$ cat start.txt   # compact mmCIF, C-alpha atoms and all ligand atoms
# COMPACT_ATOMS: atom_id res chain seq x y z
CA MET A 1 0.00 0.00 0.00
CA ALA A 2 1.36 3.41 -0.97
CA SER A 3 0.12 5.04 2.22
CA PRO A 4 1.54 3.40 5.31
CA ARG A 5 -0.15 3.94 8.64
CA GLY A 6 2.15 6.86 9.17
CA ARG A 7 2.58 8.52 12.52
CA GLN A 8 0.75 6.52 15.12
CA GLY A 9 -0.96 8.19 18.05
CA ALA A 10 -0.05 7.30 21.62
CA GLY A 11 -1.13 3.70 21.14
CA GLY A 12 -4.43 1.90 21.10
CA SER A 13 -4.88 1.45 24.79
CA GLY A 14 -3.57 4.74 26.14
CA GLY A 15 -4.52 8.37 25.86
CA ALA A 16 -2.43 10.98 24.08
CA GLY A 17 -0.97 12.06 27.41
CA ASP A 18 -2.62 15.48 27.15
CA GLY A 19 -6.10 14.27 28.06
CA ARG A 20 -7.16 13.81 24.42
CA PRO A 21 -8.02 10.30 23.30
CA ALA A 22 -5.54 8.98 20.78
CA ARG A 23 -8.19 7.28 18.70
CA THR A 24 -11.74 7.79 17.51
CA LEU A 25 -14.14 4.87 17.19
CA PHE A 26 -17.07 5.24 14.78
CA VAL A 27 -19.85 3.03 16.13
CA ASN A 28 -23.50 2.29 15.41
CA ALA A 29 -23.45 2.48 11.62
CA ALA A 30 -26.14 0.44 9.88
CA GLN A 31 -23.69 -0.24 7.07
CA VAL A 32 -20.06 0.56 6.42
CA VAL A 33 -19.41 0.82 2.68
CA THR A 34 -15.70 0.09 2.78
CA CYS A 35 -14.84 -0.12 -0.96
CA ALA A 36 -11.93 -2.18 0.39
CA GLY A 37 -9.82 -4.09 -2.10
CA PRO A 38 -6.76 -3.55 -4.24
CA ALA A 39 -5.26 -0.05 -3.97
CA ARG A 40 -5.60 0.64 -7.69
CA ALA A 41 -8.27 1.42 -10.26
CA ARG A 42 -10.99 -1.22 -10.44
CA ARG A 43 -11.94 -2.26 -13.92
CA GLY A 44 -14.76 -4.19 -15.51
CA ALA A 45 -16.51 -6.61 -13.17
CA GLU A 46 -14.27 -5.56 -10.25
CA MET A 47 -16.27 -2.35 -10.06
CA ASN A 48 -19.41 -4.15 -9.00
CA ASP A 49 -18.38 -4.73 -5.38
CA ALA A 50 -18.37 -1.90 -2.85
CA ALA A 51 -17.52 -4.32 0.01
CA VAL A 52 -20.46 -3.30 2.19
CA ARG A 53 -20.20 -4.53 5.77
CA THR A 54 -22.66 -4.62 8.64
CA GLY A 55 -21.95 -5.08 12.36
CA VAL A 56 -18.58 -3.32 12.16
CA ALA A 57 -17.05 -0.17 13.63
CA VAL A 58 -14.23 1.98 12.25
CA LEU A 59 -11.19 2.90 14.35
CA VAL A 60 -9.38 6.08 13.34
CA ASP A 61 -6.06 7.59 14.39
CA PRO A 62 -6.63 11.35 14.06
CA ALA A 63 -2.97 12.16 14.75
CA ALA A 64 -1.89 10.09 11.76
CA GLY A 65 -5.05 10.96 9.84
CA THR A 66 -5.56 7.33 8.91
CA ILE A 67 -7.88 4.40 9.47
CA VAL A 68 -6.52 1.83 11.91
CA ASP A 69 -9.07 -0.93 11.43
CA VAL A 70 -12.60 -1.87 10.41
CA ALA A 71 -13.86 -4.69 12.63
CA PRO A 72 -16.62 -5.70 15.07
CA GLU A 73 -17.15 -2.99 17.67
CA ARG A 74 -16.29 -5.14 20.67
CA ASP A 75 -12.90 -6.05 19.20
CA LEU A 76 -12.06 -2.42 18.53
CA ARG A 77 -13.28 -1.28 21.96
CA ALA A 78 -10.94 -3.86 23.47
CA ALA A 79 -8.08 -2.64 21.26
CA ALA A 80 -8.70 1.04 22.05
CA PRO A 81 -10.64 1.33 25.31
CA ASP A 82 -9.97 5.08 25.62
CA ALA A 83 -11.07 5.95 22.12
CA ALA A 84 -13.44 8.87 21.69
CA ILE A 85 -16.79 7.56 20.44
CA GLU A 86 -18.44 8.92 17.30
CA ASP A 87 -22.03 7.66 17.26
CA CYS A 88 -23.24 7.22 13.67
CA GLY A 89 -26.85 6.99 14.83
CA GLY A 90 -27.73 4.08 12.56
CA GLY A 91 -26.59 5.90 9.39
CA VAL A 92 -24.34 4.70 6.59
CA LEU A 93 -20.59 5.37 6.47
CA LEU A 94 -18.72 5.70 3.19
CA PRO A 95 -15.27 6.82 2.13
CA GLY A 96 -15.57 10.56 1.46
CA PHE A 97 -16.28 11.03 -2.24
CA VAL A 98 -13.39 11.81 -4.56
CA ASP A 99 -14.53 14.41 -7.09
CA SER A 100 -11.80 14.13 -9.70
CA HIS A 101 -12.99 16.86 -12.10
CA THR A 102 -14.10 20.39 -11.17
CA HIS A 103 -13.60 23.93 -12.43
CA ALA A 104 -14.41 25.45 -9.04
CA ILE A 105 -12.51 28.75 -9.30
CA PHE A 106 -14.62 31.27 -11.16
CA GLY A 107 -16.28 34.63 -10.63
CA ARG A 108 -19.91 35.16 -11.53
CA ALA A 109 -22.46 32.50 -12.38
CA ARG A 110 -23.68 32.17 -16.02
CA TYR A 111 -27.41 31.59 -15.53
CA GLU A 112 -28.28 33.61 -18.66
CA GLU A 113 -26.85 30.86 -20.87
CA GLN A 114 -29.32 28.30 -19.55
CA GLU A 115 -32.26 30.09 -21.19
CA LEU A 116 -30.31 30.66 -24.39
CA ARG A 117 -29.69 26.93 -24.66
CA ALA A 118 -33.34 26.22 -23.94
CA ALA A 119 -34.15 28.55 -26.85
CA GLY A 120 -31.97 26.44 -29.11
CA VAL A 121 -28.58 28.20 -29.03
CA GLY A 122 -25.95 25.47 -28.58
CA TYR A 123 -23.06 25.49 -26.08
CA LEU A 124 -20.39 25.98 -28.75
CA GLU A 125 -22.49 28.63 -30.54
CA ILE A 126 -22.66 30.61 -27.28
CA ALA A 127 -18.87 30.38 -27.13
CA ARG A 128 -18.59 31.52 -30.77
CA ARG A 129 -20.59 34.61 -29.80
CA GLY A 130 -18.04 35.42 -27.09
CA GLY A 131 -20.01 33.92 -24.20
CA GLY A 132 -19.40 30.63 -22.44
CA ILE A 133 -15.84 30.18 -21.21
CA HIS A 134 -14.91 33.61 -22.68
CA SER A 135 -17.47 35.27 -20.45
CA SER A 136 -15.99 33.59 -17.35
CA VAL A 137 -12.51 34.59 -18.52
CA ARG A 138 -13.48 38.27 -18.86
CA ASP A 139 -14.98 38.14 -15.39
CA LEU A 140 -12.16 36.29 -13.62
CA ARG A 141 -9.54 38.68 -14.95
CA THR A 142 -11.22 41.51 -13.01
CA ARG A 143 -11.08 39.65 -9.68
CA SER A 144 -8.41 39.82 -7.00
CA GLU A 145 -6.80 36.75 -5.49
CA GLU A 146 -8.68 37.44 -2.23
CA GLU A 147 -12.03 37.62 -4.00
CA LEU A 148 -11.37 34.34 -5.78
CA LEU A 149 -10.36 32.78 -2.50
CA THR A 150 -13.60 33.86 -0.81
CA LEU A 151 -15.77 32.69 -3.72
CA GLY A 152 -13.88 29.42 -4.06
CA ALA A 153 -14.06 28.66 -0.33
CA ALA A 154 -17.84 29.17 -0.21
CA ARG A 155 -18.37 26.95 -3.25
CA LEU A 156 -16.03 24.17 -2.18
CA ARG A 157 -17.68 24.13 1.25
CA ARG A 158 -20.91 23.21 -0.56
CA LEU A 159 -19.20 20.26 -2.26
CA ILE A 160 -17.78 19.13 1.08
CA ALA A 161 -21.23 19.42 2.68
CA HIS A 162 -22.43 16.74 0.26
CA GLY A 163 -19.81 14.24 1.42
CA THR A 164 -16.87 15.03 -0.89
CA THR A 165 -13.46 15.10 0.79
CA THR A 166 -10.99 15.04 -2.13
CA ILE A 167 -11.49 17.55 -4.93
CA GLU A 168 -9.55 18.12 -8.12
CA VAL A 169 -9.72 21.80 -9.08
CA LYS A 170 -8.70 23.16 -12.48
CA SER A 171 -7.55 26.59 -13.47
CA GLY A 172 -8.66 27.73 -16.94
CA TYR A 173 -10.72 30.90 -16.59
CA GLY A 174 -7.72 33.23 -16.65
CA LEU A 175 -5.81 32.30 -19.81
CA THR A 176 -2.99 34.73 -19.11
CA LEU A 177 0.21 33.74 -17.33
CA GLU A 178 -0.60 35.86 -14.28
CA SER A 179 -4.29 35.00 -13.95
CA GLU A 180 -3.63 31.28 -14.34
CA LEU A 181 -0.90 31.42 -11.68
CA THR A 182 -3.24 33.40 -9.41
CA THR A 183 -5.96 30.76 -9.83
CA LEU A 184 -3.54 27.96 -8.96
CA ARG A 185 -2.25 29.86 -5.94
CA VAL A 186 -5.85 30.26 -4.78
CA ILE A 187 -6.34 26.50 -5.08
CA ARG A 188 -3.20 25.90 -3.02
CA ARG A 189 -4.38 28.29 -0.31
CA LEU A 190 -7.88 26.77 -0.28
CA GLY A 191 -6.53 23.32 0.57
CA ALA A 192 -5.14 24.74 3.80
CA VAL A 193 -8.20 26.89 4.53
CA LEU A 194 -10.70 24.06 4.05
CA GLY A 195 -8.72 21.16 5.50
CA VAL A 196 -9.53 18.82 2.62
CA ARG A 197 -7.36 17.35 -0.08
CA LEU A 198 -7.40 19.54 -3.19
CA VAL A 199 -5.59 18.40 -6.32
CA PRO A 200 -4.62 21.28 -8.65
CA THR A 201 -4.74 20.99 -12.44
CA PHE A 202 -3.43 23.54 -14.93
CA LEU A 203 -5.99 24.07 -17.71
CA GLY A 204 -4.52 27.00 -19.57
CA ALA A 205 -5.72 25.23 -22.74
CA HIS A 206 -9.39 25.58 -21.79
CA GLU A 207 -10.04 27.87 -24.76
CA VAL A 208 -8.05 30.02 -27.17
CA PRO A 209 -8.46 33.48 -25.62
CA LEU A 210 -10.23 36.02 -27.83
CA GLU A 211 -7.23 38.35 -27.96
CA TYR A 212 -5.22 35.61 -29.71
CA ARG A 213 -7.78 35.44 -32.53
CA GLU A 214 -6.96 38.88 -33.88
CA ALA A 215 -3.83 40.05 -35.66
CA PRO A 216 -1.08 40.52 -34.76
CA ARG A 217 -1.66 37.72 -32.29
CA THR A 218 -2.36 34.19 -33.46
CA ARG A 219 -3.59 30.87 -32.18
CA ALA A 220 -0.06 29.53 -32.60
CA GLY A 221 1.12 32.40 -30.43
CA TYR A 222 -1.08 31.25 -27.57
CA LEU A 223 0.15 27.67 -27.94
CA GLU A 224 3.66 29.04 -27.70
CA LEU A 225 2.78 30.97 -24.56
CA LEU A 226 1.28 27.80 -23.07
CA THR A 227 4.19 25.53 -23.83
CA ARG A 228 7.12 27.93 -23.43
CA GLU A 229 5.99 30.15 -20.56
CA MET A 230 2.92 29.03 -18.70
CA ILE A 231 3.70 25.32 -18.26
CA PRO A 232 7.32 25.96 -17.19
CA ALA A 233 6.15 28.64 -14.71
CA VAL A 234 3.46 26.38 -13.24
CA ALA A 235 5.97 23.55 -12.89
CA ARG A 236 8.63 25.82 -11.38
CA GLU A 237 6.27 26.97 -8.65
CA GLY A 238 4.96 23.43 -8.10
CA LEU A 239 1.43 24.76 -8.53
CA ALA A 240 -0.21 21.84 -10.35
CA ARG A 241 -0.08 18.07 -10.35
CA PHE A 242 -1.89 17.70 -13.68
CA CYS A 243 -2.18 19.47 -17.00
CA ASP A 244 -5.47 19.23 -18.91
CA VAL A 245 -6.64 20.38 -22.37
CA PHE A 246 -10.16 20.92 -23.76
CA CYS A 247 -9.65 18.71 -26.84
CA GLU A 248 -12.81 19.23 -28.85
CA PRO A 249 -13.62 20.08 -32.47
CA GLY A 250 -13.87 23.89 -32.42
CA VAL A 251 -11.68 24.29 -29.34
CA TYR A 252 -8.28 22.50 -29.40
CA THR A 253 -7.47 19.91 -32.07
CA ALA A 254 -5.90 16.57 -31.19
CA ALA A 255 -2.58 17.77 -32.64
CA GLU A 256 -2.61 20.93 -30.52
CA SER A 257 -3.64 18.95 -27.43
CA ARG A 258 -0.74 16.60 -27.99
CA MET A 259 1.67 19.52 -28.22
CA VAL A 260 0.47 20.99 -24.90
CA LEU A 261 0.40 17.65 -23.08
CA GLU A 262 3.85 16.65 -24.29
CA ALA A 263 5.25 19.95 -23.01
CA ALA A 264 3.50 19.37 -19.69
CA ARG A 265 4.88 15.88 -19.40
CA ALA A 266 8.37 17.14 -20.11
CA HIS A 267 7.93 19.46 -17.11
CA GLY A 268 6.88 16.63 -14.81
CA LEU A 269 3.12 17.15 -14.84
CA ALA A 270 0.74 14.19 -15.11
CA LEU A 271 -1.89 14.37 -17.83
CA LYS A 272 -5.66 14.66 -18.15
CA LEU A 273 -7.78 15.38 -21.19
CA HIS A 274 -11.28 16.75 -21.83
CA ALA A 275 -11.94 14.20 -24.55
CA ASP A 276 -14.84 13.64 -26.94
CA GLU A 277 -17.19 15.71 -24.81
CA LEU A 278 -19.66 17.00 -27.42
CA GLU A 279 -18.28 15.68 -30.71
CA ASN A 280 -15.74 12.97 -31.42
CA GLY A 281 -12.20 14.19 -31.92
CA ALA A 282 -10.32 10.95 -31.16
CA GLY A 283 -9.53 12.39 -27.73
CA ALA A 284 -9.84 9.08 -25.90
CA GLU A 285 -7.32 7.49 -28.24
CA LEU A 286 -4.92 10.38 -27.68
CA ALA A 287 -5.28 10.19 -23.88
CA ALA A 288 -4.58 6.46 -23.92
CA GLU A 289 -1.61 6.85 -26.25
CA LEU A 290 -0.03 9.55 -24.09
CA GLY A 291 -0.59 7.52 -20.91
CA ALA A 292 -2.87 10.19 -19.43
CA THR A 293 -4.10 9.47 -15.92
CA SER A 294 -7.67 10.11 -17.08
CA ALA A 295 -9.76 10.92 -20.16
CA ASP A 296 -12.82 12.89 -19.15
CA HIS A 297 -16.39 13.36 -20.52
CA LEU A 298 -16.44 10.85 -23.43
CA ALA A 299 -20.11 11.29 -24.39
CA ALA A 300 -19.00 11.16 -28.04
CA ILE A 301 -16.31 8.47 -27.70
CA SER A 302 -15.99 6.04 -30.64
CA PRO A 303 -15.73 2.23 -30.46
CA THR A 304 -11.97 2.52 -31.08
CA GLY A 305 -11.77 5.03 -28.25
CA ILE A 306 -13.51 2.59 -25.93
CA GLU A 307 -11.06 -0.13 -26.92
CA ALA A 308 -8.10 2.19 -26.46
CA LEU A 309 -9.17 3.09 -22.91
CA ALA A 310 -9.96 -0.53 -22.01
CA ARG A 311 -6.45 -1.55 -23.03
CA SER A 312 -4.79 1.38 -21.26
CA GLY A 313 -4.23 2.47 -17.68
CA THR A 314 -6.19 5.66 -18.38
CA VAL A 315 -9.30 6.09 -16.21
CA ALA A 316 -12.51 6.96 -18.11
CA THR A 317 -14.04 9.78 -16.07
CA LEU A 318 -17.72 10.31 -16.82
CA LEU A 319 -19.61 13.50 -16.00
CA PRO A 320 -23.31 12.82 -16.50
CA GLY A 321 -24.38 16.08 -14.81
CA THR A 322 -22.89 18.00 -17.74
CA MET A 323 -24.95 16.29 -20.41
CA LEU A 324 -28.05 16.58 -18.24
CA PHE A 325 -27.54 20.30 -17.64
CA LEU A 326 -26.78 20.98 -21.32
CA GLY A 327 -30.06 19.27 -22.20
CA ARG A 328 -28.31 16.64 -24.27
CA THR A 329 -29.81 13.20 -24.50
CA LYS A 330 -26.57 11.41 -25.35
CA GLN A 331 -24.59 10.22 -22.34
CA ALA A 332 -21.21 8.48 -22.33
CA PRO A 333 -21.44 4.73 -23.07
CA ALA A 334 -20.67 3.69 -19.51
CA ARG A 335 -21.83 0.07 -19.89
CA ALA A 336 -19.68 -0.48 -22.96
CA LEU A 337 -16.70 1.00 -21.10
CA VAL A 338 -17.21 -1.13 -17.99
CA GLU A 339 -17.92 -4.27 -19.95
CA GLY A 340 -14.99 -3.59 -22.25
CA GLY A 341 -12.77 -3.64 -19.14
CA ALA A 342 -12.10 0.08 -18.62
CA ALA A 343 -11.85 1.72 -15.20
CA VAL A 344 -14.74 4.20 -14.94
CA ALA A 345 -14.86 7.17 -12.55
CA LEU A 346 -17.73 9.59 -11.90
CA ALA A 347 -17.26 13.28 -11.11
CA SER A 348 -19.28 16.48 -10.93
CA ASP A 349 -17.52 18.72 -13.50
CA PHE A 350 -18.64 21.54 -11.15
CA ASN A 351 -18.35 24.72 -13.28
CA PRO A 352 -20.44 27.81 -14.10
CA GLY A 353 -21.19 26.85 -17.70
CA THR A 354 -22.11 23.22 -18.05
CA SER A 355 -22.49 21.71 -14.58
CA PRO A 356 -23.20 24.06 -11.69
CA THR A 357 -23.87 21.26 -9.22
CA VAL A 358 -22.08 20.68 -5.93
CA ASN A 359 -24.01 17.48 -5.29
CA LEU A 360 -21.92 14.34 -5.82
CA PRO A 361 -24.71 12.05 -4.53
CA LEU A 362 -26.84 13.45 -7.39
CA ILE A 363 -24.07 12.43 -9.79
CA LEU A 364 -24.39 8.91 -8.37
CA THR A 365 -28.11 9.06 -9.16
CA LEU A 366 -27.31 10.01 -12.75
CA GLY A 367 -24.67 7.29 -12.87
CA VAL A 368 -27.35 4.75 -12.11
CA SER A 369 -30.33 6.21 -14.00
CA GLN A 370 -28.58 7.67 -17.06
CA LEU A 371 -25.40 5.61 -17.35
CA ARG A 372 -26.99 2.36 -16.12
CA LEU A 373 -24.31 1.64 -13.57
CA SER A 374 -25.18 -0.49 -10.55
CA VAL A 375 -25.10 1.33 -7.21
CA ALA A 376 -21.86 -0.49 -6.32
CA GLU A 377 -20.28 0.53 -9.64
CA ALA A 378 -21.35 4.14 -9.14
CA ILE A 379 -19.91 4.20 -5.61
CA ILE A 380 -16.60 2.64 -6.70
CA ALA A 381 -16.53 5.15 -9.57
CA ALA A 382 -16.81 8.07 -7.12
CA THR A 383 -14.34 6.71 -4.56
CA VAL A 384 -11.62 4.21 -5.56
CA ASN A 385 -11.67 5.08 -9.26
CA GLY A 386 -11.97 8.81 -8.59
CA ALA A 387 -8.82 8.42 -6.48
CA ALA A 388 -7.14 6.49 -9.32
CA ALA A 389 -8.06 9.33 -11.69
CA LEU A 390 -5.91 11.54 -9.43
CA GLY A 391 -3.10 9.05 -8.90
CA LEU A 392 -4.23 8.63 -5.29
CA ALA A 393 -5.63 5.08 -5.28
CA GLY A 394 -3.12 4.08 -2.60
CA ASN A 395 -4.18 6.85 -0.23
CA VAL A 396 -7.89 7.61 -0.42
CA GLY A 397 -11.20 6.11 -1.51
CA GLN A 398 -11.38 3.13 0.84
CA LEU A 399 -12.31 2.62 4.48
CA ALA A 400 -9.46 0.22 5.10
CA PRO A 401 -6.40 0.13 7.37
CA GLY A 402 -3.73 2.61 6.33
CA PHE A 403 -6.00 4.72 4.11
CA ALA A 404 -6.75 8.34 4.88
CA ALA A 405 -9.55 8.70 7.41
CA ASP A 406 -11.70 10.57 4.87
CA ILE A 407 -15.21 9.57 5.85
CA ALA A 408 -18.79 10.64 5.12
CA LEU A 409 -21.85 9.77 7.19
CA PHE A 410 -25.24 9.65 5.49
CA ALA A 411 -28.77 9.60 6.88
CA ALA A 412 -29.78 6.25 5.41
CA GLU A 413 -30.32 2.69 6.56
CA ASP A 414 -29.06 1.25 3.31
CA HIS A 415 -26.36 2.65 1.01
CA ARG A 416 -28.69 2.31 -1.97
CA GLU A 417 -30.70 5.20 -0.54
CA ILE A 418 -27.89 7.62 -1.37
CA PRO A 419 -28.57 7.68 -5.15
CA TYR A 420 -32.26 6.97 -4.54
CA TRP A 421 -33.29 10.19 -2.72
CA TYR A 422 -32.13 12.17 -5.68
CA GLY A 423 -31.25 15.80 -5.29
CA ASP A 424 -31.53 15.60 -1.50
CA ASN A 425 -28.49 16.04 0.67
CA ARG A 426 -28.38 13.26 3.21
CA CYS A 427 -24.78 13.83 4.26
CA LEU A 428 -24.81 14.40 8.02
CA ARG A 429 -21.11 14.77 8.73
CA ALA A 430 -17.77 14.40 6.97
CA TRP A 431 -14.19 14.00 8.16
CA SER A 432 -10.96 14.61 6.33
CA ALA A 433 -7.90 12.80 7.74
CA GLY A 434 -10.00 12.08 10.84
CA VAL A 435 -10.94 15.73 11.41
CA ARG A 436 -14.50 17.07 10.95
CA THR A 437 -14.83 19.11 7.76
CA GLY A 438 -18.51 19.28 6.97
CA PRO A 439 -21.38 19.95 6.93
CA ALA A 440 -21.14 22.94 9.26
O1 LIG B 501 -16.07 20.48 -18.58
N1 LIG B 501 -15.49 21.44 -21.40
C1 LIG B 501 -14.86 22.35 -20.95
N2 LIG B 501 -14.98 22.85 -19.74
C2 LIG B 501 -16.15 22.74 -18.94
C3 LIG B 501 -17.11 23.82 -19.24
C4 LIG B 501 -16.56 25.10 -18.90
C5 LIG B 501 -17.51 26.24 -19.03
O2 LIG B 501 -18.46 26.22 -19.83
O3 LIG B 501 -17.28 27.19 -18.29
C6 LIG B 501 -16.74 21.36 -19.06
O4 LIG B 501 -17.84 21.16 -19.58
FE FE B 502 -14.67 19.92 -17.39
$ encode --input "start.txt" --output "structure tokens" --more "lines below"
Ligand code: NIG
Ligand code: FE
Amino acid sequence: MASPRGRQGAGGSGGAGDGRPARTLFVNAAQVVTCAGPARARRGAEMNDAAVRTGVAVLVDPAAGTIVDVAPERDLRAAAPDAAIEDCGGGVLLPGFVDSHTHAIFGRARYEEQELRAAGVGYLEIARRGGGIHSSVRDLRTRSEEELLTLGAARLRRLIAHGTTTIEVKSGYGLTLESELTTLRVIRRLGAVLGVRLVPTFLGAHEVPLEYREAPRTRAGYLELLTREMIPAVAREGLARFCDVFCEPGVYTAAESRMVLEAARAHGLALKLHADELENGAGAELAAELGATSADHLAAISPTGIEALARSGTVATLLPGTMLFLGRTKQAPARALVEGGAAVALASDFNPGTSPTVNLPLILTLGVSQLRLSVAEAIIAATVNGAAALGLAGNVGQLAPGFAADIALFAAEDHREIPYWYGDNRCLRAWSAGVRTGPA
């Protein structure tokens, strides 16, 4: 396991020496959805087992931030008689959700586009008119770092309140060197402010900014800025773990995406790709070929794309909230991906244009009702495989010894209620590394 138990507290049977118990024991859960198993992406039939246990308690070491054991309560009480007790009140415990794809740092909301789309103006047409991502870019460039921090904190707290404890956050609404660096610095600061695990991704290739579409500037000039200045600066400051590109007909071509991702890889960043979101652009094939950690969206993936992902180590991250919100009827072929042997993750795509939802349990609902995943597959997709989509499968996504004590408690007797009560928020409490993070 990549994450050892780490620093241990003062031992199972003793206190911390300062009057604080060294351990916390979570008792009285109707079910503990452990997702326990190999510390790697689950693929194909492996996804259909969330390792749900009854009659067990969870022992946590808050000093180390890890789970010590999941076992019958009496055994754990004997092992840690001084543990503080966390009464789950007959609810259901899960690993905190891992939301592996968000664009959570933005200024104003874009509610006006919802009506435009309802009136028949498509997402890419809105962008062609200077709206969409361009509108968020114009807005973000007017904001200070402090403003973005305040807005981002409030929004991420809403994600956490729904049981999410690891969140990937992309830049991509600045599209200048300075505004992209500011966004990534905000993400870094937010991790400390919120006490949850945030994973930063550089998405300077979210769009070609409007000022690079007019002479004397050119599209090639922006690609040069990305590869020669922005990526090296992001890497130098250690501001991102991943680099992503919006590879889509009308946005970035596969050839341009390759150029950006190869530069990112040369600077030590791991790779992600917005692939085949609205129209097919052979993005899945490119992600697999480049060894990207994930290929995301995939509503328009081709059969060869499915095969390429199934044969690769690239996680297929599906974002059904986006297609729902855009009013599109075509969802990613989740069953073909799972049955073909790919590792499928689910995420929110939280952003102001195509998926303004903070509700990961609702994404599970869509995973079941729109993508036809089983509940177990949807849960694995939003925990273990979400972690794998961030290169964190050894650390988070399971309630198992040695894993981070990232835990969410839901008001339910059975875990299948979580996607069932759709749109409701049944998350009662959440912990990150054994420390309470939400809801307030
Ligand atoms: O994942 N596809 C590109 N990015 C976002 C949308 C961003 C926006 O419209 O602001 C997405 O759908
Ligand atoms: Fe996205």
$ atom_distance --input "start.txt" --atom1 "atom CA of A:Val98" --atom2 "atom CA of A:Glu168"
8.2 Å
$ residues_near_ligand --input "start.txt" --ligand "ligand LIG 501 (chain B)" --cutoff "6 Å" --atoms "only C-alpha atoms and all ligand atoms" --output "list in words"
Gly132, Ile133, Phe246, Asp349, Asn351, Pro352, Gly353 and Thr354 of chain A
$ residues_around --input "start.txt" --residues "stretch 214-227 of chain A" --least-positions-apart "2" --cutoff "8 Å" --atoms "all atoms listed in the file" --output "number ranges by chain"
A: 204-205, 208-212, 229-232, 256, 259-260, 263-264
$ residues_near_ligand --input "start.txt" --ligand "ligand FE 502 (chain B)" --cutoff "12 Å" --atoms "all atoms listed in the file" --output "ChimeraX atom specification"
/A:99-104,133,168-173,201,203,205-207,244-248,272-278,295-298,317-323,347-356
$ write_last_selection --input "start.txt" --atoms "C-alpha atoms" --output "JSON list (two decimals), keeping the file's coordinate frame"
[["chain", "number", "residue", "atom", "x", "y", "z"],
["A", 99, "ASP", "CA", -14.53, 14.41, -7.09],
["A", 100, "SER", "CA", -11.80, 14.13, -9.70],
["A", 101, "HIS", "CA", -12.99, 16.86, -12.10],
["A", 102, "THR", "CA", -14.10, 20.39, -11.17],
["A", 103, "HIS", "CA", -13.60, 23.93, -12.43],
["A", 104, "ALA", "CA", -14.41, 25.45, -9.04],
["A", 133, "ILE", "CA", -15.84, 30.18, -21.21],
["A", 168, "GLU", "CA", -9.55, 18.12, -8.12],
["A", 169, "VAL", "CA", -9.72, 21.80, -9.08],
["A", 170, "LYS", "CA", -8.70, 23.16, -12.48],
["A", 171, "SER", "CA", -7.55, 26.59, -13.47],
["A", 172, "GLY", "CA", -8.66, 27.73, -16.94],
["A", 173, "TYR", "CA", -10.72, 30.90, -16.59],
["A", 201, "THR", "CA", -4.74, 20.99, -12.44],
["A", 203, "LEU", "CA", -5.99, 24.07, -17.71],
["A", 205, "ALA", "CA", -5.72, 25.23, -22.74],
["A", 206, "HIS", "CA", -9.39, 25.58, -21.79],
["A", 207, "GLU", "CA", -10.04, 27.87, -24.76],
["A", 244, "ASP", "CA", -5.47, 19.23, -18.91],
["A", 245, "VAL", "CA", -6.64, 20.38, -22.37],
["A", 246, "PHE", "CA", -10.16, 20.92, -23.76],
["A", 247, "CYS", "CA", -9.65, 18.71, -26.84],
["A", 248, "GLU", "CA", -12.81, 19.23, -28.85],
["A", 272, "LYS", "CA", -5.66, 14.66, -18.15],
["A", 273, "LEU", "CA", -7.78, 15.38, -21.19],
["A", 274, "HIS", "CA", -11.28, 16.75, -21.83],
["A", 275, "ALA", "CA", -11.94, 14.20, -24.55],
["A", 276, "ASP", "CA", -14.84, 13.64, -26.94],
["A", 277, "GLU", "CA", -17.19, 15.71, -24.81],
["A", 278, "LEU", "CA", -19.66, 17.00, -27.42],
["A", 295, "ALA", "CA", -9.76, 10.92, -20.16],
["A", 296, "ASP", "CA", -12.82, 12.89, -19.15],
["A", 297, "HIS", "CA", -16.39, 13.36, -20.52],
["A", 298, "LEU", "CA", -16.44, 10.85, -23.43],
["A", 317, "THR", "CA", -14.04, 9.78, -16.07],
["A", 318, "LEU", "CA", -17.72, 10.31, -16.82],
["A", 319, "LEU", "CA", -19.61, 13.50, -16.00],
["A", 320, "PRO", "CA", -23.31, 12.82, -16.50],
["A", 321, "GLY", "CA", -24.38, 16.08, -14.81],
["A", 322, "THR", "CA", -22.89, 18.00, -17.74],
["A", 323, "MET", "CA", -24.95, 16.29, -20.41],
["A", 347, "ALA", "CA", -17.26, 13.28, -11.11],
["A", 348, "SER", "CA", -19.28, 16.48, -10.93],
["A", 349, "ASP", "CA", -17.52, 18.72, -13.50],
["A", 350, "PHE", "CA", -18.64, 21.54, -11.15],
["A", 351, "ASN", "CA", -18.35, 24.72, -13.28],
["A", 352, "PRO", "CA", -20.44, 27.81, -14.10],
["A", 353, "GLY", "CA", -21.19, 26.85, -17.70],
["A", 354, "THR", "CA", -22.11, 23.22, -18.05],
["A", 355, "SER", "CA", -22.49, 21.71, -14.58],
["A", 356, "PRO", "CA", -23.20, 24.06, -11.69]]
$ atom_distance --input "start.txt" --atom1 "atom CA of A:Ile363" --atom2 "atom CA of A:Val435"
25.2 Å
$ closest_residue --input "start.txt" --among "A:Leu190, A:Leu346, A:Leu124, A:Leu140" --to "A:Thr176" --atoms "only C-alpha atoms"
A:Leu140
$ residues_near_point --input "start.txt" --point "(-2.9, 5.6, -1.8)" --cutoff "10 Å" --atoms "only C-alpha atoms" --output "list in words"
Met1, Ala2, Ser3, Pro4, Ala39, Arg40, Val384, Ala387, Ala388, Gly391, Leu392, Ala393, Gly394, Asn395, Val396, Gly397, Gln398, Gly402, Phe403 and Ala404 of chain A
$ residues_around --input "start.txt" --residues "A:Gly191" --least-positions-apart "5" --cutoff "10 Å" --atoms "only C-alpha atoms" --output "ChimeraX atom specification"
/A:153,156,166-167,186,196-200
$ residues_around --input "start.txt" --residues "stretch 116-123 of chain A" --least-positions-apart "4" --cutoff "8 Å" --atoms "all atoms listed in the file" --output "count of residues only"
5
